[in-house]
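To start, the structure itself, in structure tokens.
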Amino acid sequence: MHELSLCRRIFAIADRARGGRTVETVHVQIGQLRQVVPTTLAHCWRLLTVETVLDGAGLEIEHVPVELRCKACGALSTDSDLLALACGNCGSRQVAIERGEELNVTAIEVRVPETVHG
């Protein structure tokens with residue numbers, strides 16, 4: 001289960017970026033080729049953050065489909081058949097992966113401390 005090790009990395013990024021503030025939500029993009037199970041990742045996140053500085057922080061997961069650029073015809077297509085990465089336009093297997101391998105922390109929402117005016 002590599003989701004747990006991914007959560008540890010996400011945790012480290014969020015912890016460094018929070019600057020002592022409370023993290024409300026961590027947003028991540030995960031490409032389809034990363035073979036991450038979103039429900040497992042979310043479960044690991046909850047287990048990892050309990051009773052830590054990130055306890056209660058949500059994990060928003062954005063799924064990024066595979067996007068291919070055909071080297072033969074230049075078409076850009078989204079591929080849903082991971083067993084055969086081919087151009088959706090001409091069928092060529094000479095493709096470059098444009099998207100779908102991402103694993104990015106895209107945003108970290110933090111709670112801004114309230115200021116007291118006297």
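We label chains A, B, ... in the order they appear in the structure tokens, count residues from 1 in each chain, and number ligands from 1 in the order shown.
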Just list the residues in chain A DSSP gives helix (DSSP H, G or I) on the backbone, as a tab-separated table (two decimals) with N, CA, C and O atoms, in the first residue's frame.
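selection29.tsv was written with the following content:
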chain	number	residue	atom	x	y	z
A	3	GLU	N	-0.05	4.18	-0.71
A	3	GLU	CA	-0.82	5.35	-0.31
A	3	GLU	C	-0.34	5.91	1.03
A	3	GLU	O	-0.32	7.13	1.21
A	4	LEU	N	0.06	5.05	1.95
A	4	LEU	CA	0.54	5.52	3.24
A	4	LEU	C	1.83	6.33	3.09
A	4	LEU	O	1.97	7.40	3.69
A	5	SER	N	2.75	5.86	2.26
A	5	SER	CA	3.99	6.63	2.07
A	5	SER	C	3.70	7.94	1.34
A	5	SER	O	4.34	8.96	1.62
A	6	LEU	N	2.73	7.94	0.43
A	6	LEU	CA	2.34	9.19	-0.23
A	6	LEU	C	1.77	10.17	0.79
A	6	LEU	O	2.08	11.37	0.75
A	7	CYS	N	0.95	9.67	1.70
A	7	CYS	CA	0.38	10.53	2.74
A	7	CYS	C	1.46	11.12	3.64
A	7	CYS	O	1.37	12.27	4.05
A	8	ARG	N	2.48	10.34	3.92
A	8	ARG	CA	3.59	10.86	4.74
A	8	ARG	C	4.27	12.03	4.04
A	8	ARG	O	4.64	13.02	4.68
A	9	ARG	N	4.45	11.92	2.73
A	9	ARG	CA	5.07	13.02	1.98
A	9	ARG	C	4.17	14.25	1.94
A	9	ARG	O	4.63	15.37	2.08
A	10	ILE	N	2.88	14.03	1.71
A	10	ILE	CA	1.92	15.12	1.69
A	10	ILE	C	1.88	15.80	3.06
A	10	ILE	O	1.85	17.03	3.17
A	11	PHE	N	1.89	14.99	4.12
A	11	PHE	CA	1.91	15.51	5.48
A	11	PHE	C	3.11	16.42	5.69
A	11	PHE	O	3.00	17.52	6.23
A	12	ALA	N	4.29	15.97	5.29
A	12	ALA	CA	5.51	16.75	5.47
A	12	ALA	C	5.43	18.09	4.74
A	12	ALA	O	5.84	19.12	5.28
A	13	ILE	N	4.89	18.08	3.54
A	13	ILE	CA	4.75	19.32	2.77
A	13	ILE	C	3.80	20.27	3.48
A	13	ILE	O	4.09	21.46	3.65
A	14	ALA	N	2.64	19.77	3.90
A	14	ALA	CA	1.65	20.60	4.57
A	14	ALA	C	2.17	21.13	5.91
A	14	ALA	O	1.94	22.29	6.26
A	15	ASP	N	2.88	20.29	6.64
A	15	ASP	CA	3.41	20.71	7.94
A	15	ASP	C	4.42	21.84	7.78
A	15	ASP	O	4.41	22.82	8.53
A	16	ARG	N	5.30	21.73	6.78
A	16	ARG	CA	6.28	22.80	6.53
A	16	ARG	C	5.61	24.09	6.10
A	16	ARG	O	6.02	25.18	6.49
A	17	ALA	N	4.57	23.97	5.27
A	17	ALA	CA	3.93	25.15	4.69
A	17	ALA	C	2.97	25.86	5.65
A	17	ALA	O	2.67	27.03	5.44
A	32	GLN	N	-3.92	9.53	-13.12
A	32	GLN	CA	-4.44	8.17	-13.25
A	32	GLN	C	-3.33	7.13	-13.32
A	32	GLN	O	-3.47	6.02	-12.81
A	33	LEU	N	-2.19	7.48	-13.90
A	33	LEU	CA	-1.09	6.51	-14.01
A	33	LEU	C	-0.35	6.28	-12.70
A	33	LEU	O	0.49	5.39	-12.61
A	34	ARG	N	-0.63	7.06	-11.68
A	34	ARG	CA	-0.02	6.86	-10.36
A	34	ARG	C	-0.61	5.66	-9.65
A	34	ARG	O	-0.08	5.19	-8.65
A	38	PRO	N	-8.11	6.45	-4.42
A	38	PRO	CA	-8.49	7.63	-3.64
A	38	PRO	C	-9.06	7.33	-2.26
A	38	PRO	O	-8.72	8.00	-1.28
A	39	THR	N	-9.92	6.31	-2.14
A	39	THR	CA	-10.50	6.00	-0.83
A	39	THR	C	-9.42	5.49	0.13
A	39	THR	O	-9.46	5.80	1.32
A	40	THR	N	-8.45	4.75	-0.38
A	40	THR	CA	-7.36	4.27	0.46
A	40	THR	C	-6.48	5.44	0.89
A	40	THR	O	-6.05	5.52	2.05
A	41	LEU	N	-6.20	6.35	-0.03
A	41	LEU	CA	-5.40	7.53	0.29
A	41	LEU	C	-6.10	8.36	1.38
A	41	LEU	O	-5.46	8.78	2.36
A	42	ALA	N	-7.39	8.57	1.24
A	42	ALA	CA	-8.15	9.35	2.23
A	42	ALA	C	-8.14	8.64	3.59
A	42	ALA	O	-8.00	9.29	4.64
A	43	HIS	N	-8.28	7.33	3.58
A	43	HIS	CA	-8.25	6.56	4.83
A	43	HIS	C	-6.88	6.68	5.50
A	43	HIS	O	-6.78	6.92	6.71
A	44	CYS	N	-5.82	6.52	4.72
A	44	CYS	CA	-4.46	6.65	5.26
A	44	CYS	C	-4.24	8.05	5.82
A	44	CYS	O	-3.58	8.22	6.85
A	45	TRP	N	-4.76	9.06	5.14
A	45	TRP	CA	-4.62	10.44	5.61
A	45	TRP	C	-5.25	10.61	6.98
A	45	TRP	O	-4.66	11.20	7.88
A	46	ARG	N	-6.47	10.08	7.14
A	46	ARG	CA	-7.14	10.20	8.45
A	46	ARG	C	-6.32	9.49	9.54
A	46	ARG	O	-6.15	10.01	10.64
A	47	LEU	N	-5.81	8.29	9.24
A	47	LEU	CA	-5.02	7.55	10.22
A	47	LEU	C	-3.73	8.28	10.58
A	47	LEU	O	-3.33	8.32	11.74
A	48	LEU	N	-3.09	8.85	9.59
A	48	LEU	CA	-1.80	9.49	9.78
A	48	LEU	C	-1.90	10.82	10.54
A	48	LEU	O	-1.00	11.18	11.29
A	49	THR	N	-3.00	11.53	10.36
A	49	THR	CA	-3.11	12.87	10.94
A	49	THR	C	-3.74	12.91	12.34
A	49	THR	O	-3.64	13.93	13.01
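Take CA of Ala96 (chain A) and CA of Ile30 (chain A): the distance between them is 18.2 Å.
For the choices A:Asp55, A:Arg111, A:Val66, A:Lys71, the atom-to-atom distance to Glu98 (chain A) is smallest for A:Val66 when using only C-alpha atoms.
With only C-alpha atoms as the basis for measurement, A:Ser92 is the residue among A:Thr106, A:Gln35, A:Ser92, A:Thr25 that approaches Leu76 (chain A) most closely.
Distances here use only C-alpha atoms; by that measure, the residue among A:Gly58, A:Glu114, A:Val95, A:Val36 closest to Gly74 (chain A) is A:Val95.
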| query | When DSSP works through the backbone of this structure, what residues of chain A end up as strand (DSSP E or B), shown as a ChimeraX atom specification? | reply | /A:22-31,58-64,66-70,76-79,95-99,103-111
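Near Thr78 (chain A), within a cut-off of 9 Å and counting only C-alpha atoms, sit the residues Pro65, Val66, Glu67, Leu68, Cys87, Gly88 and Arg99 of chain A, with same-chain residues fewer than 4 positions away left out.
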| message | Using only C-alpha atoms, can you tell me which of A:Ala86, A:Gln29, A:Gly91, A:Val23 comes closest to Glu62 (chain A)? | response | A:Gln29
| For Thr22 (chain A), which of A:Ala57, A:Val64, A:Leu85, A:Ile97 is the closest residue, counting only C-alpha atoms? | A:Ala57
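Between CA of Gly100 (chain A) and CA of Arg18 (chain A) there is a distance of 27.6 Å.
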| Between CA of Val50 (chain A) and CA of Val26 (chain A), distance in Å (one decimal) | 14.9 Å
